[in-house]
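Engineer: Quick one: this structure, given as structure tokens, is what I'll be asking you about.
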Amino acid sequence: MQQIKSTIFLAALLTIMSFSGIPVSNERIVKTTIYGTCSCQNASETTPKVELTLNPNHTFHYLNASNPAQKVDLKGNWAMSGKKVVLQADTAEKNFHKNWKFDKNQPCIVSRKGLNFTRLCDIESCK
């Protein structure tokens with residue numbers, strides 16, 4: 001009976017150890033990265049400005065001037081939650097995109113809040 005218990009315990013222990021997850025690195029951003037809308041050379045300066053700056057010290061600056069009546073200009077901290085970037089504003093602003101996912105094949109990030117979709121790309125790759 002003792003041998004059966006120890007065999008079952010060993011099998012359960014090996015099963016638990018074999019299903020350990022892949023460690024996810026929280027340091028995906030290694031330099032200051034500015035995500036924004038890539039504009040064409042002929043675009044006017046009056047185009048709406050939407051930018052998200054992620055700093056390596058886990059701070060961010062989010063600017064959404066697409067609607068001048070409801071301009072959003074926030075600063076705070078960001079954190080990785082799995083494969084998402086979660087923004088935590090210093091103020092109690094509720095009307096902005098807090099969760100961002102990285103685009104698989106391009107240096108862009110995407111967010112959805114209700115039916116409002118926002119896609120911002122790395123400004124350096126636009127040039």
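Simple scheme: letters A, B, ... for chains in structure tokens order, numbers from 1 for residues in each chain, numbers from 1 for ligands in the order shown.
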Show me, as a list in words, the residues that have an atom within 7 Å of Tyr62 in chain A when counting only C-alpha atoms, minus same-chain residues fewer than 3 positions from it.
Structural biologist: Glu51, Leu52, Thr53, Asp73, Leu74 and Lys75 of chain A
Engineer: Can you spit out the residues from that selection as an mmCIF file, in the first residue's frame, using N, CA and C atoms?
Structural biologist:
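Listing of selection.cif after writing:
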data_model
loop_
_atom_site.group_PDB
_atom_site.id
_atom_site.type_symbol
_atom_site.label_atom_id
_atom_site.label_comp_id
_atom_site.auth_asym_id
_atom_site.auth_seq_id
_atom_site.Cartn_x
_atom_site.Cartn_y
_atom_site.Cartn_z
ATOM 1 N N GLU A 51 -1.108 60.261 -29.267
ATOM 2 C CA GLU A 51 0.206 59.718 -28.972
ATOM 3 C C GLU A 51 0.211 59.023 -27.623
ATOM 4 N N LEU A 52 1.017 57.977 -27.552
ATOM 5 C CA LEU A 52 1.251 57.266 -26.303
ATOM 6 C C LEU A 52 2.749 57.066 -26.178
ATOM 7 N N THR A 53 3.346 57.611 -25.132
ATOM 8 C CA THR A 53 4.781 57.476 -24.889
ATOM 9 C C THR A 53 4.977 56.524 -23.726
ATOM 10 N N ASP A 73 -5.206 64.344 -21.791
ATOM 11 C CA ASP A 73 -3.769 64.464 -21.605
ATOM 12 C C ASP A 73 -3.444 63.878 -20.232
ATOM 13 N N LEU A 74 -2.927 62.640 -20.205
ATOM 14 C CA LEU A 74 -2.728 61.929 -18.948
ATOM 15 C C LEU A 74 -1.300 61.442 -18.789
ATOM 16 N N LYS A 75 -0.885 61.322 -17.555
ATOM 17 C CA LYS A 75 0.397 60.720 -17.199
ATOM 18 C C LYS A 75 0.135 59.718 -16.089
#
Engineer: Considering only C-alpha atoms, can you say which of A:Ile109, A:Ile8, A:Ala65, A:Ile34 comes closest to Glu124 in chain A?
Structural biologist: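 Closest residue, counting only C-alpha atoms: A:Ile34.
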Engineer: Under the rule that only C-alpha atoms are counted, which of A:Leu63, A:Ile4, A:Val110, A:Ala11 is the nearest residue to Lys83 in chain A?
Structural biologist: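 Checking each of A:Leu63, A:Ile4, A:Val110, A:Ala11 against Lys83 in chain A, counting only C-alpha atoms, the winner is A:Val110.
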Engineer: Rank nothing, just name the residue among A:Phe117, A:Trp78, A:Phe60, A:Phe9 nearest to Tyr35 in chain A, using only C-alpha atoms.
Structural biologist: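 Using only C-alpha atoms, the shortest distance to Tyr35 in chain A belongs to A:Phe60.
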Engineer: Would you list the contacts of Arg119 in chain A as an MDAnalysis selection string, taking every protein, DNA or RNA residue within 10 Å and counting only C-alpha atoms, but skipping same-chain residues closer than 3 positions in sequence?
Structural biologist: chainID A and resid 35:37 50 100:103 108:112
Engineer: Please dump the current selection as a compact mmCIF listing (two decimals), in the first residue's frame; keep N, CA and C atoms.
Structural biologist:
# COMPACT_ATOMS: atom_id res chain seq x y z
N TYR A 35 4.38 55.99 -29.57
CA TYR A 35 3.42 55.44 -30.51
C TYR A 35 2.46 56.56 -30.91
N GLY A 36 2.19 56.66 -32.19
CA GLY A 36 1.28 57.70 -32.66
C GLY A 36 0.73 57.35 -34.02
N THR A 37 0.00 58.30 -34.58
CA THR A 37 -0.54 58.11 -35.92
C THR A 37 0.50 58.54 -36.92
N VAL A 50 -2.83 61.87 -31.69
CA VAL A 50 -3.00 60.83 -30.67
C VAL A 50 -1.64 60.20 -30.47
N TRP A 100 -3.74 47.93 -23.88
CA TRP A 100 -3.14 47.93 -25.20
C TRP A 100 -2.48 46.59 -25.45
N LYS A 101 -2.64 46.08 -26.67
CA LYS A 101 -1.97 44.84 -27.08
C LYS A 101 -0.99 45.15 -28.20
N PHE A 102 0.10 44.41 -28.25
CA PHE A 102 1.08 44.58 -29.31
C PHE A 102 0.60 43.86 -30.56
N ASP A 103 0.76 44.52 -31.71
CA ASP A 103 0.44 43.92 -32.99
C ASP A 103 1.49 42.86 -33.28
N CYS A 108 3.36 48.10 -33.78
CA CYS A 108 2.18 48.89 -33.44
C CYS A 108 1.50 48.31 -32.21
N ILE A 109 0.66 49.12 -31.59
CA ILE A 109 -0.16 48.66 -30.48
C ILE A 109 -1.61 49.01 -30.80
N VAL A 110 -2.53 48.18 -30.31
CA VAL A 110 -3.94 48.37 -30.60
C VAL A 110 -4.73 48.34 -29.28
N SER A 111 -5.84 49.06 -29.30
CA SER A 111 -6.71 49.11 -28.13
C SER A 111 -8.16 49.21 -28.60
N ARG A 112 -9.04 48.70 -27.76
CA ARG A 112 -10.47 48.78 -28.05
C ARG A 112 -11.19 49.16 -26.77
Engineer: Looking at A:Thr7, A:Ser81, A:Thr32, A:Ser18, which one is nearest to Ile123 in chain A, with distances taken over only C-alpha atoms?
Structural biologist: A:Thr32
Engineer: Enumerate as number ranges by chain all residues of range 32-90 of chain A assigned to strand (DSSP E or B) by DSSP on the backbone, naming them with the chain letters and numbers the document uses.
Structural biologist: A: 33-36, 50-54, 59-64, 72-81, 84-89
Engineer: Just give me the gap between CA of Asn64 in chain A and CA of Leu120 in chain A in Å, one decimal is fine.
Structural biologist: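 Between CA of Asn64 in chain A and CA of Leu120 in chain A the gap is 11.4 Å.
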Engineer: Given only C-alpha atoms as the basis, pick out the residue of A:Pro107, A:Gly82, A:Gly76, A:Pro68 nearest to Leu54 in chain A.
Structural biologist: A:Gly76
